[in-house]
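J.: Below is a structure I'd like to ask you about.
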4 protein chains.
Amino acid sequence: MSDIKKVVLAYSGGLDTSVILKWLQDTYQCEVVTFTADIGQGEEVEPARKKAVALGIKQENIFIDDLREEFVRDFVFPMFRANAIYEGEYLLGTSIARPLIAKRQIEIANQTGADAVSHGATGKGNDQVRFELGYYALKPDVKVIAPWREWDLLSREKLLAYAEKNGIDITKKKSGGSPYSMDANLLHISYEGTVLENPAAEPEEDMWLWTVSPENAPDQAEYVELEYKNGDIVAINGVALSPAQVLTELNRLGGKHGIGRLDIVENRYVGMKSRGCYETPGGTIMMKAHRAIESITLDREVAHLKDELIAKYASLIYNGYWWAPERKMMQSMIDASQATVNGWVRLKLYKGNVIVVGRDSKTDSLFDPNIATFDEDFGAYNHADAAGFIRLNSLRMRIAAKLYNK
Amino acid sequence: MSDIKKVVLAYSGGLDTSVILKWLQDTYQCEVVTFTADIGQGEEVEPARKKAVALGIKQENIFIDDLREEFVRDFVFPMFRANAIYEGEYLLGTSIARPLIAKRQIEIANQTGADAVSHGATGKGNDQVRFELGYYALKPDVKVIAPWREWDLLSREKLLAYAEKNGIDITKKKSGGSPYSMDANLLHISYEGTVLENPAAEPEEDMWLWTVSPENAPDQAEYVELEYKNGDIVAINGVALSPAQVLTELNRLGGKHGIGRLDIVENRYVGMKSRGCYETPGGTIMMKAHRAIESITLDREVAHLKDELIAKYASLIYNGYWWAPERKMMQSMIDASQATVNGWVRLKLYKGNVIVVGRDSKTDSLFDPNIATFDEDFGAYNHADAAGFIRLNSLRMRIAAKLYNK
Amino acid sequence: MSDIKKVVLAYSGGLDTSVILKWLQDTYQCEVVTFTADIGQGEEVEPARKKAVALGIKQENIFIDDLREEFVRDFVFPMFRANAIYEGEYLLGTSIARPLIAKRQIEIANQTGADAVSHGATGKGNDQVRFELGYYALKPDVKVIAPWREWDLLSREKLLAYAEKNGIDITKKKSGGSPYSMDANLLHISYEGTVLENPAAEPEEDMWLWTVSPENAPDQAEYVELEYKNGDIVAINGVALSPAQVLTELNRLGGKHGIGRLDIVENRYVGMKSRGCYETPGGTIMMKAHRAIESITLDREVAHLKDELIAKYASLIYNGYWWAPERKMMQSMIDASQATVNGWVRLKLYKGNVIVVGRDSKTDSLFDPNIATFDEDFGAYNHADAAGFIRLNSLRMRIAAKLYNK
Amino acid sequence: MSDIKKVVLAYSGGLDTSVILKWLQDTYQCEVVTFTADIGQGEEVEPARKKAVALGIKQENIFIDDLREEFVRDFVFPMFRANAIYEGEYLLGTSIARPLIAKRQIEIANQTGADAVSHGATGKGNDQVRFELGYYALKPDVKVIAPWREWDLLSREKLLAYAEKNGIDITKKKSGGSPYSMDANLLHISYEGTVLENPAAEPEEDMWLWTVSPENAPDQAEYVELEYKNGDIVAINGVALSPAQVLTELNRLGGKHGIGRLDIVENRYVGMKSRGCYETPGGTIMMKAHRAIESITLDREVAHLKDELIAKYASLIYNGYWWAPERKMMQSMIDASQATVNGWVRLKLYKGNVIVVGRDSKTDSLFDPNIATFDEDFGAYNHADAAGFIRLNSLRMRIAAKLYNK
């Protein structure tokens, strides 16, 4: 007997979370509410309903949501406004999905009167932190059950045995399946574990699922034009699209042209280094294009201030602090900077390359090709000004040099 | 008659600086010392001697130096230790060469008793600032002559007329030559001006001189292994090389595989936006590889602190503050961080892509694949620790949520 | 004959700007519009009208405004929300007034169809930069006349001679007056020049005008209670006050108790070090109190993020970038952080000391004295959590130590 | 029976750590090594020896060290070079002593072959983190025993009962003693707990032990002159002193003149806000004086870079990361900046005020009172330069204003 009455589980319908579902029922003797979200992971979510029912979940306790638009509009796009990149390489594909899952779980907990939430993340990774910081920030007295930190099913064999004993379908897992630990959503798919744990070794080509290799990409480059409004892409090749449609289409283009593979060793928030491989086809295109549109529409010092804060902002998201006040405070500044980020960027996609070949803004371009003419007409530039500019910028160094050259 | 007695001119031997040489003699009635450096721009420097002599320069006033090793060892490599990148894109190829030229000019001024220095940079660009901040920092009372800010030869026609009148060879220039304003050294070649002044338009393929296009690069990928010592590359594919040899070889490899083209709009220090195209084949490889070796050998917080300072450090170099005390102060910190950056990185080069396929360090790898085993042996990781870690990291948010959820 | 038609002069009515007024008329043969503002400098502004008329200014070209409320509400208060302090000491009293003067001058220029503006700041100081960056940011094609950089009246004698010749009243100046260069507004009064140019020497007691010395302050301490709303003081000792009234009252209290004197060597934007003495009685109280109210109402990481940005924000204001987009962008973040900064602070004022003796917030206090009780009731704190927190925070260091202790 | 064989306890000789000593023996059946340090807390350390012996500790297991010089030289002084201040107020007095205790404990553990260390810090505070991060960083496989997180002696009554039962002297504690939780070392003394847990209330005057109140301080001001070498004080009023002597003398002076009291609410690393009162008489003087000597000897941008990093550096120390690589990396930069920080500062101490009344440096002053003369002689300053400086610094804003004013 426990003091948990009702728990909302982030439920994928797969083996692991099905075992967790059963284990929660057995261990806590509590009512379980399942929550399954389509965030673009590329698998059907409806089958999760039947599996939940089979495990004894009541219809009113089964929640299945399509969150793709919300995911891109309220999470992915705001993050890309910041040009967020973790440790110079990682586009935060897994990190950015967790806060949305956490938020929706808490909403369901509040709606169903649940006092606990649970997830299937392990005890060594970042995701447990991201889920739970979200839970606590949004519902501070919620009880959190992290089975991987509590139970003794720590080997694959024990897990399968438990599943079999409890009538959970394990056919796919028995016959093999991917050897990697994977996570997918509309922004990316990730791979960890097994052979990747040797960072000296190249991953096998058949690991990658979303992109062709640059070698196998078309020999013909493809041009694409993105239209920006307030820092977000609103149209591709002249066709207005919703946020999720934008990312879906860019994933298609990137995947086709071998764009967005990444193989890194990263520093986890819990303190260890970890090797991960990622495919972020659409995100890789967005990152390059966003910098290009900003390059003609943002003031220099605004852009530099953003650049100075990227590492911190990215760490906040990586570490799970999406719902923290400092992330929101930084976002308010970043969003304010995007008011002028309007215009278009033209890209050439070719065998892994995203090449900017043009950018312009009718309303907000700060680039003036006629700066010379500009000068003569309005006195905006005077060559002689540079001498004073340099002399005063060097004054402190001249004074020091005079002292020390003595 | 002027108060200038002797001036050291950064002299390339080309048309523009030859005109400047003559103009200095005429305008200031002063002795001119020419300084011509080989920093890997890919042109012979000895011919400059004959041209200088032809313009009446005395043998003892002609200085021609091969600075390639010093350039890479003392300027390029230290900068790459910092992963310096300007505005998220530019590898600072022009910026990093100027401080060396300035330093050598001042040395020659001191040696020859010159009271002035001169350069051929225009009044609208960054280079005038970079040269002159260096001059003033190293010799605070030096007189600086910047002909492009002083004379009236502001059109190409006037310049050619002046040259012709003074017997300066203009054959190459008359018959055409590149329409772009270019700068080259062992790290990169840059293109500005003319058709590039429309940032909406793609540059012509035949502009690029150092790299083949990705389309024309070999269909076969090539693997290369780089060995690092204290953050610098000391060997390629097992062959020990000097700094300049390293960069020369990486330029060859990058150029062959279509690596390192960049087309951006950047913010100049003097306040305008400018469109530039760059080829940095070796540098692009070095940037990717350096992050990879750091990923397994640097502590997380050391790496993050470096990341937070990159934008500022890169701006310092871009703006010409190499010789400023704050750049040196940052460098001392960056260099200190590189003591553990030892090991190797393996890369795959293919049609514009630099793909990390392996990294390791016998002496300094902080990556431990057996962190699990590690745990059991030494108690380094305990799943239960994560619960406390998360709960305390969320405490401030829980307290706030309790207050505001009331 | 010049190309200037009408110029708006920042006119104090004093000797210097009266000479400038006359000099502008003579030199540019242009119409002069005078603008005189009451920003709390403690001198009557109406007398400036008569002087302007005496110098031939038309009634419709004389602008006299009381800007005290706008100054405190829109400039001083926003700056104090950021806890802005320059070089760890200076509360930016002069810096923060210049953007308002510049803005109003440009408004008047637009209203009167003037094509130029002028000010009385010298060519070596910060104020010329602050004025002119404001002018250019708000009216990019305005012509700027800085007499001190242009004319030859560079000695006091020449200035007085010019004044006398032109019938400008110099009685006060002839008979002495303060030997210091001073600037005053509702936030502070500053002293520079003459004997202060020796930073080894203590200023004379009779230099200080706004505060008694700590020695001469009352022997009896005085308590004062400040009420905050969204980071701004809205009441003192229970009496609701307007922004300018708040600052006026705090100046009275601070001045009475010997609070707010400062004697520093600072780094000017133009590159030299300069010695300045300042009295900022009310501001010194506000700075201490604002940190105190933030200490119980701001989230830790929000407060730390603000702290990391203070130096940059303060430099922007010091250097004259109030109207720049990066300052506005930072302000949007700072202002967003102040939504919870509500409550009161009690201070004890005594002989130069501002001592916080209490602070509380009914609505937004994140301080919970019953965190222990809190724990037991809600599980917010569990002593055992700390072990996991520490162990994971140390993991990266343990891994490194294991490697290097071998 | 436990797996702990020998534990090094940070032992003050007081009631709490005596109980811990006994509890360790009982609970772990292990050998206990006591370590007692004189870091200037103002209590005799030798009496701890007798108490340890009385509790059965062998002579060779009793370590008593005078660490005062090491504490100031290697910890306090390096921190003050950085002008470190936490949350704008706190001079880190407790924080900076913990890393030294931890280091010495680990040295003793290595010397005596101990496998564990223990301390008397509670489970809610910062000190447990500071001790243990030090332990783990220096000896990664050490076992850490934190009795306050493990035992059930959580009330004062239980603790006293346990002591009485085990023959530990409790006379002082029974009869009263200070109601505050205190910590002292040569840098400061701190007070927490009981009535201080109401941040709205002023602390009682008799709480403060090291300083007189400003009211009770002498009516006569006192002048003191500090001499700096490489950023550290090496002499007071012309008398050369060792680091610990410097701090001792400044504590005497500050205490006499009512200097260095602080009453704040701070944010603990473990996530809660806490009210603390501190007396840091010497440190408060040092902070003010160090900024003053830096003001004439540091380059502007070096000073500003330091200012931008203070908050981060101070947080590292506050949170216990003294031994972390990122703190060491920052220190290398800070120390490098202090090479020119040589000269003297004269202060006036009066009733709580530390007033800088003079500063100079024979060797490194960058302040030039004759900058005007300087100008004429060497051309270091030209009023006309300012116009160009301002015009180019405003160019980006002028371009934007032209676009948006249309």
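Residues are referred to by chain and number: the chain letter is A, B, ... according to the order shown in the structure tokens, the number counts from 1 in that chain, and ligands are numbered separately from 1 in the order shown.
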Within 10 Å of chain D, which residues belong to chain A? Use only C-alpha atoms and report them as a ChimeraX atom specification.
T.: /A:297-301,363-368,371,374,379-404
J.: Restricting the output to N, CA, C and O atoms, write the selected residues as a short mmCIF file (atom, residue, chain, number, x, y, z; two decimals), in the first residue's frame.
T.:
```
data_model
loop_
_atom_site.label_atom_id
_atom_site.label_comp_id
_atom_site.auth_asym_id
_atom_site.auth_seq_id
_atom_site.Cartn_x
_atom_site.Cartn_y
_atom_site.Cartn_z
N THR A 297 19.23 41.89 -40.95
CA THR A 297 18.12 42.59 -40.30
C THR A 297 18.38 42.95 -38.83
O THR A 297 17.62 43.71 -38.25
N LEU A 298 19.41 42.39 -38.25
CA LEU A 298 19.69 42.70 -36.84
C LEU A 298 20.81 43.73 -36.74
O LEU A 298 21.81 43.65 -37.45
N ASP A 299 20.67 44.61 -35.82
CA ASP A 299 21.74 45.52 -35.43
C ASP A 299 22.95 44.71 -34.94
O ASP A 299 22.80 43.66 -34.32
N ARG A 300 24.13 45.22 -35.21
CA ARG A 300 25.35 44.52 -34.82
C ARG A 300 25.40 44.18 -33.32
O ARG A 300 25.66 43.04 -32.95
N GLU A 301 25.15 45.15 -32.51
CA GLU A 301 25.31 44.92 -31.08
C GLU A 301 24.20 44.03 -30.51
O GLU A 301 24.43 43.29 -29.55
N THR A 363 11.62 45.16 -45.87
CA THR A 363 11.23 46.10 -44.82
C THR A 363 12.34 46.41 -43.83
O THR A 363 12.34 47.46 -43.20
N ASP A 364 13.28 45.48 -43.65
CA ASP A 364 14.17 45.61 -42.50
C ASP A 364 15.65 45.43 -42.82
O ASP A 364 16.44 45.22 -41.92
N SER A 365 16.03 45.51 -44.10
CA SER A 365 17.44 45.31 -44.40
C SER A 365 18.26 46.51 -43.96
O SER A 365 18.00 47.65 -44.34
N LEU A 366 19.26 46.23 -43.14
CA LEU A 366 20.19 47.27 -42.70
C LEU A 366 21.44 47.28 -43.58
O LEU A 366 22.38 48.04 -43.33
N PHE A 367 21.44 46.43 -44.59
CA PHE A 367 22.55 46.40 -45.55
C PHE A 367 22.28 47.46 -46.61
O PHE A 367 21.24 47.45 -47.23
N ASP A 368 23.24 48.35 -46.82
CA ASP A 368 23.05 49.37 -47.83
C ASP A 368 24.19 49.33 -48.82
O ASP A 368 25.30 49.76 -48.54
N ILE A 371 26.31 52.49 -49.68
CA ILE A 371 26.81 53.24 -48.55
C ILE A 371 27.72 54.36 -49.03
O ILE A 371 27.77 55.44 -48.43
N PHE A 374 25.29 56.88 -50.39
CA PHE A 374 24.74 57.22 -49.09
C PHE A 374 25.61 58.31 -48.46
O PHE A 374 25.15 59.41 -48.14
N GLY A 379 26.07 62.34 -45.83
CA GLY A 379 27.17 62.48 -44.90
C GLY A 379 27.27 61.34 -43.90
O GLY A 379 27.83 61.49 -42.83
N ALA A 380 26.72 60.19 -44.27
CA ALA A 380 26.74 59.08 -43.31
C ALA A 380 28.15 58.50 -43.14
O ALA A 380 28.48 57.99 -42.09
N TYR A 381 28.93 58.58 -44.17
CA TYR A 381 30.28 58.06 -44.03
C TYR A 381 31.29 59.06 -44.56
O TYR A 381 31.20 59.55 -45.68
N ASN A 382 32.27 59.31 -43.74
CA ASN A 382 33.33 60.24 -44.11
C ASN A 382 34.64 59.53 -43.78
O ASN A 382 34.87 59.16 -42.63
N HIS A 383 35.45 59.33 -44.82
CA HIS A 383 36.69 58.59 -44.58
C HIS A 383 37.51 59.15 -43.43
O HIS A 383 38.13 58.42 -42.68
N ALA A 384 37.49 60.44 -43.28
CA ALA A 384 38.31 61.06 -42.25
C ALA A 384 37.83 60.67 -40.84
O ALA A 384 38.62 60.69 -39.89
N ASP A 385 36.57 60.33 -40.72
CA ASP A 385 36.07 59.93 -39.40
C ASP A 385 36.87 58.76 -38.83
O ASP A 385 37.04 58.64 -37.62
N ALA A 386 37.31 57.88 -39.73
CA ALA A 386 37.99 56.67 -39.27
C ALA A 386 39.25 56.99 -38.47
O ALA A 386 39.60 56.29 -37.52
N ALA A 387 39.94 58.06 -38.86
CA ALA A 387 41.18 58.39 -38.15
C ALA A 387 40.89 58.69 -36.68
O ALA A 387 41.56 58.19 -35.78
N GLY A 388 39.87 59.51 -36.43
CA GLY A 388 39.52 59.83 -35.05
C GLY A 388 39.03 58.61 -34.30
O GLY A 388 39.36 58.40 -33.12
N PHE A 389 38.24 57.83 -34.99
CA PHE A 389 37.71 56.59 -34.40
C PHE A 389 38.86 55.71 -33.90
O PHE A 389 38.86 55.22 -32.78
N ILE A 390 39.85 55.54 -34.76
CA ILE A 390 40.97 54.67 -34.40
C ILE A 390 41.82 55.31 -33.30
O ILE A 390 42.22 54.65 -32.35
N ARG A 391 42.06 56.61 -33.43
CA ARG A 391 42.92 57.26 -32.45
C ARG A 391 42.32 57.21 -31.05
O ARG A 391 43.03 56.93 -30.08
N LEU A 392 41.05 57.44 -30.94
CA LEU A 392 40.47 57.38 -29.59
C LEU A 392 40.34 55.95 -29.09
O LEU A 392 40.53 55.67 -27.91
N ASN A 393 40.03 55.02 -29.98
CA ASN A 393 39.99 53.62 -29.54
C ASN A 393 41.35 53.11 -29.10
O ASN A 393 41.45 52.14 -28.34
N SER A 394 42.39 53.74 -29.59
CA SER A 394 43.73 53.29 -29.20
C SER A 394 44.31 54.10 -28.03
O SER A 394 45.38 53.78 -27.54
N LEU A 395 43.61 55.14 -27.59
CA LEU A 395 44.21 56.05 -26.62
C LEU A 395 44.70 55.32 -25.37
O LEU A 395 45.84 55.51 -24.92
N ARG A 396 43.85 54.46 -24.80
CA ARG A 396 44.26 53.75 -23.58
C ARG A 396 45.51 52.90 -23.82
O ARG A 396 46.36 52.77 -22.94
N MET A 397 45.63 52.34 -25.01
CA MET A 397 46.82 51.52 -25.29
C MET A 397 48.04 52.38 -25.52
O MET A 397 49.15 52.01 -25.15
N ARG A 398 47.82 53.54 -26.12
CA ARG A 398 48.95 54.45 -26.32
C ARG A 398 49.50 54.96 -24.99
O ARG A 398 50.71 55.03 -24.78
N ILE A 399 48.58 55.30 -24.07
CA ILE A 399 49.03 55.78 -22.77
C ILE A 399 49.83 54.68 -22.05
O ILE A 399 50.91 54.94 -21.50
N ALA A 400 49.32 53.46 -22.11
CA ALA A 400 50.03 52.35 -21.46
C ALA A 400 51.38 52.10 -22.12
O ALA A 400 52.40 51.89 -21.45
N ALA A 401 51.42 52.15 -23.44
CA ALA A 401 52.67 51.87 -24.14
C ALA A 401 53.71 52.95 -23.82
O ALA A 401 54.90 52.66 -23.69
N LYS A 402 53.24 54.19 -23.72
CA LYS A 402 54.17 55.26 -23.37
C LYS A 402 54.78 55.00 -21.98
O LYS A 402 55.97 55.22 -21.76
N LEU A 403 53.94 54.53 -21.06
CA LEU A 403 54.44 54.24 -19.71
C LEU A 403 55.46 53.11 -19.74
O LEU A 403 56.53 53.21 -19.14
N TYR A 404 55.11 52.03 -20.42
CA TYR A 404 55.93 50.84 -20.32
C TYR A 404 57.07 50.78 -21.34
O TYR A 404 58.00 50.00 -21.18
#
```
J.: With only C-alpha atoms as the counted atoms, please give the residues lying no more than 6 Å from stretch 344-349 of chain A, apart from itself and same-chain residues fewer than 4 positions off, as a PyMOL selection string.
T.: chain A and resi 221-228+353-360
J.: Give me, as an NGL selection string, all polymer residues having an atom no more than 12 Å from D:Thr211, counting only C-alpha atoms and skipping those fewer than 3 positions away in the same chain.
T.: :D and (188-189 or 205-208 or 214-218 or 250-262 or 278-282 or 351-352)
J.: Can you work out which one of B:Leu92, B:Leu154, B:Ala137, B:Ala146 has the shortest atom-to-atom distance to B:Tyr313, counting only C-alpha atoms?
T.: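 Ranked by minimum distance to B:Tyr313, first place goes to B:Leu92.
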J.: Could you pull out all residues of stretch 92-195 of chain C with a DSSP call of helix (DSSP H, G or I) and give them as a PyMOL selection string?
T.: chain C and resi 98-112+127-138+147-150+156-165+171-174+194-195
J.: Please return, as a list of chain:residue names, all residues of stretch 251-303 of chain D that DSSP assigns to strand (DSSP E or B) on the basis of the backbone.
T.: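 The strand (DSSP E or B) subset of stretch 251-303 of chain D is D:Arg261, D:Leu262, D:Asp263, D:Ile264, D:Val265, D:Glu266, D:Asn267, D:Lys273, D:Ser274, D:Arg275, D:Gly276, D:Cys277, D:Tyr278, D:Glu279.
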J.: Could those selected residues go to a file with all heavy atoms, as a CSV table (one decimal), in the first residue's frame?
T.:
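The resulting file, result-v7.csv, is shown below:
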```csv
chain,number,residue,atom,x,y,z
D,261,ARG,N,29.8,45.5,8.7
D,261,ARG,CA,28.6,44.8,9.1
D,261,ARG,C,27.7,44.7,7.8
D,261,ARG,O,27.6,45.6,7.0
D,261,ARG,CB,27.8,45.5,10.2
D,261,ARG,CG,28.5,45.6,11.5
D,261,ARG,CD,27.6,46.2,12.5
D,261,ARG,NE,28.2,46.2,13.9
D,261,ARG,CZ,27.6,46.6,14.9
D,261,ARG,NH1,26.3,47.1,14.9
D,261,ARG,NH2,28.2,46.5,16.1
D,262,LEU,N,27.1,43.5,7.7
D,262,LEU,CA,26.2,43.3,6.6
D,262,LEU,C,25.1,42.4,7.0
D,262,LEU,O,25.3,41.4,7.8
D,262,LEU,CB,27.0,42.5,5.5
D,262,LEU,CG,26.3,42.3,4.2
D,262,LEU,CD1,25.9,43.5,3.5
D,262,LEU,CD2,27.1,41.4,3.3
D,263,ASP,N,23.9,42.8,6.5
D,263,ASP,CA,22.7,42.0,6.9
D,263,ASP,C,21.9,41.8,5.6
D,263,ASP,O,21.4,42.7,5.0
D,263,ASP,CB,21.9,42.9,7.9
D,263,ASP,CG,20.5,42.4,8.2
D,263,ASP,OD1,20.1,41.4,7.6
D,263,ASP,OD2,19.8,43.1,9.0
D,264,ILE,N,21.9,40.5,5.2
D,264,ILE,CA,21.3,40.2,3.8
D,264,ILE,C,20.4,39.0,3.8
D,264,ILE,O,20.5,38.2,4.8
D,264,ILE,CB,22.4,40.0,2.8
D,264,ILE,CG1,23.4,38.9,3.2
D,264,ILE,CG2,23.1,41.3,2.4
D,264,ILE,CD1,24.3,38.5,2.1
D,265,VAL,N,19.6,38.9,2.8
D,265,VAL,CA,19.0,37.6,2.4
D,265,VAL,C,19.7,37.1,1.2
D,265,VAL,O,19.8,37.9,0.2
D,265,VAL,CB,17.5,37.8,2.2
D,265,VAL,CG1,16.9,36.5,1.7
D,265,VAL,CG2,16.8,38.3,3.4
D,266,GLU,N,20.3,35.9,1.3
D,266,GLU,CA,21.0,35.4,0.1
D,266,GLU,C,20.4,34.1,-0.4
D,266,GLU,O,19.6,33.5,0.3
D,266,GLU,CB,22.5,35.1,0.6
D,266,GLU,CG,22.6,33.9,1.5
D,266,GLU,CD,23.9,33.9,2.3
D,266,GLU,OE1,24.2,34.9,3.0
D,266,GLU,OE2,24.6,32.9,2.3
D,267,ASN,N,20.8,33.8,-1.6
D,267,ASN,CA,20.3,32.5,-2.2
D,267,ASN,C,21.3,31.4,-2.1
D,267,ASN,O,22.4,31.5,-2.6
D,267,ASN,CB,20.1,32.8,-3.7
D,267,ASN,CG,18.9,33.7,-4.0
D,267,ASN,OD1,17.8,33.3,-3.7
D,267,ASN,ND2,19.2,34.9,-4.4
D,273,LYS,N,16.3,30.6,0.1
D,273,LYS,CA,16.8,31.9,0.5
D,273,LYS,C,17.1,31.8,2.0
D,273,LYS,O,16.4,31.1,2.8
D,273,LYS,CB,15.8,33.0,0.2
D,273,LYS,CG,15.7,33.3,-1.2
D,273,LYS,CD,14.7,34.5,-1.5
D,273,LYS,CE,14.5,34.7,-3.0
D,273,LYS,NZ,15.7,35.2,-3.6
D,274,SER,N,18.1,32.5,2.5
D,274,SER,CA,18.5,32.4,3.8
D,274,SER,C,19.0,33.8,4.3
D,274,SER,O,19.5,34.6,3.5
D,274,SER,CB,19.6,31.4,4.0
D,274,SER,OG,20.7,31.8,4.7
D,275,ARG,N,18.7,34.1,5.5
D,275,ARG,CA,19.1,35.5,6.0
D,275,ARG,C,20.4,35.3,6.8
D,275,ARG,O,20.5,34.4,7.7
D,275,ARG,CB,18.0,36.0,7.0
D,275,ARG,CG,18.1,37.5,7.1
D,275,ARG,CD,18.8,38.0,8.3
D,275,ARG,NE,18.6,39.4,8.6
D,275,ARG,CZ,17.7,39.8,9.4
D,275,ARG,NH1,16.9,39.0,10.1
D,275,ARG,NH2,17.6,41.1,9.6
D,276,GLY,N,21.4,36.1,6.5
D,276,GLY,CA,22.6,36.0,7.2
D,276,GLY,C,23.1,37.4,7.6
D,276,GLY,O,22.9,38.3,6.8
D,277,CYS,N,23.8,37.4,8.7
D,277,CYS,CA,24.5,38.7,9.1
D,277,CYS,C,26.0,38.4,9.2
D,277,CYS,O,26.4,37.3,9.6
D,277,CYS,CB,24.0,39.2,10.4
D,277,CYS,SG,22.3,39.8,10.3
D,278,TYR,N,26.8,39.3,8.8
D,278,TYR,CA,28.2,39.1,8.7
D,278,TYR,C,29.0,40.3,9.2
D,278,TYR,O,28.5,41.5,9.0
D,278,TYR,CB,28.6,38.9,7.2
D,278,TYR,CG,27.9,37.7,6.5
D,278,TYR,CD1,26.7,37.9,5.8
D,278,TYR,CD2,28.3,36.4,6.7
D,278,TYR,CE1,26.0,36.9,5.2
D,278,TYR,CE2,27.6,35.4,6.1
D,278,TYR,CZ,26.5,35.6,5.4
D,278,TYR,OH,25.8,34.6,4.8
D,279,GLU,N,30.1,40.0,9.7
D,279,GLU,CA,31.1,41.1,10.0
D,279,GLU,C,32.4,40.8,9.3
D,279,GLU,O,33.0,39.7,9.5
D,279,GLU,CB,31.3,41.2,11.5
D,279,GLU,CG,30.1,41.8,12.3
D,279,GLU,CD,30.4,41.7,13.8
D,279,GLU,OE1,30.2,40.6,14.3
D,279,GLU,OE2,30.7,42.7,14.4
```
J.: B:Pro369, B:Gln245, B:Asp169, B:Thr122: which is nearest A:Val195, counting only C-alpha atoms?
T.: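 Looking only at the distances to A:Val195, the closest residue turns out to be B:Pro369.
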J.: Give me, as a short mmCIF file (atom, residue, chain, number, x, y, z; two decimals) with N, CA, C and O atoms, in the first residue's frame, all polymer residues having an atom no more than 9 Å from B:Pro99, counting only C-alpha atoms and skipping those fewer than 5 positions away in the same chain.
T.:
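Dumped to out_28.cif:
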```cif
data_model
loop_
_atom_site.label_atom_id
_atom_site.label_comp_id
_atom_site.auth_asym_id
_atom_site.auth_seq_id
_atom_site.Cartn_x
_atom_site.Cartn_y
_atom_site.Cartn_z
N PHE B 75 49.79 33.17 -34.12
CA PHE B 75 48.55 33.89 -34.34
C PHE B 75 47.39 32.95 -34.66
O PHE B 75 46.40 32.92 -33.93
N ARG B 104 55.53 43.61 -37.22
CA ARG B 104 56.79 43.59 -37.97
C ARG B 104 57.11 44.97 -38.52
O ARG B 104 58.29 45.37 -38.54
N ARG B 130 42.64 47.58 -37.77
CA ARG B 130 43.51 46.50 -37.27
C ARG B 130 44.99 46.89 -37.37
O ARG B 130 45.76 46.65 -36.45
N PHE B 131 45.36 47.46 -38.52
CA PHE B 131 46.75 47.90 -38.65
C PHE B 131 47.09 48.94 -37.59
O PHE B 131 48.06 48.85 -36.86
N LEU B 133 45.54 50.09 -34.80
CA LEU B 133 45.52 49.75 -33.37
C LEU B 133 46.80 49.02 -33.00
O LEU B 133 47.36 49.23 -31.92
N GLY B 134 47.28 48.18 -33.91
CA GLY B 134 48.54 47.50 -33.66
C GLY B 134 49.70 48.48 -33.58
O GLY B 134 50.52 48.44 -32.67
N TYR B 135 49.77 49.38 -34.56
CA TYR B 135 50.85 50.38 -34.56
C TYR B 135 50.88 51.14 -33.24
O TYR B 135 51.91 51.29 -32.59
N GLY B 320 40.43 44.26 -34.23
CA GLY B 320 41.81 44.71 -34.28
C GLY B 320 42.52 44.82 -32.94
O GLY B 320 43.58 45.44 -32.85
N TYR B 321 41.96 44.21 -31.90
CA TYR B 321 42.54 44.37 -30.56
C TYR B 321 43.48 43.22 -30.16
O TYR B 321 43.57 42.89 -28.99
N TRP B 322 44.14 42.62 -31.12
CA TRP B 322 45.06 41.52 -30.80
C TRP B 322 46.09 41.94 -29.76
O TRP B 322 46.42 41.19 -28.85
N TRP B 323 46.63 43.15 -29.89
CA TRP B 323 47.70 43.60 -29.00
C TRP B 323 47.17 44.29 -27.73
O TRP B 323 47.96 44.81 -26.94
#
```
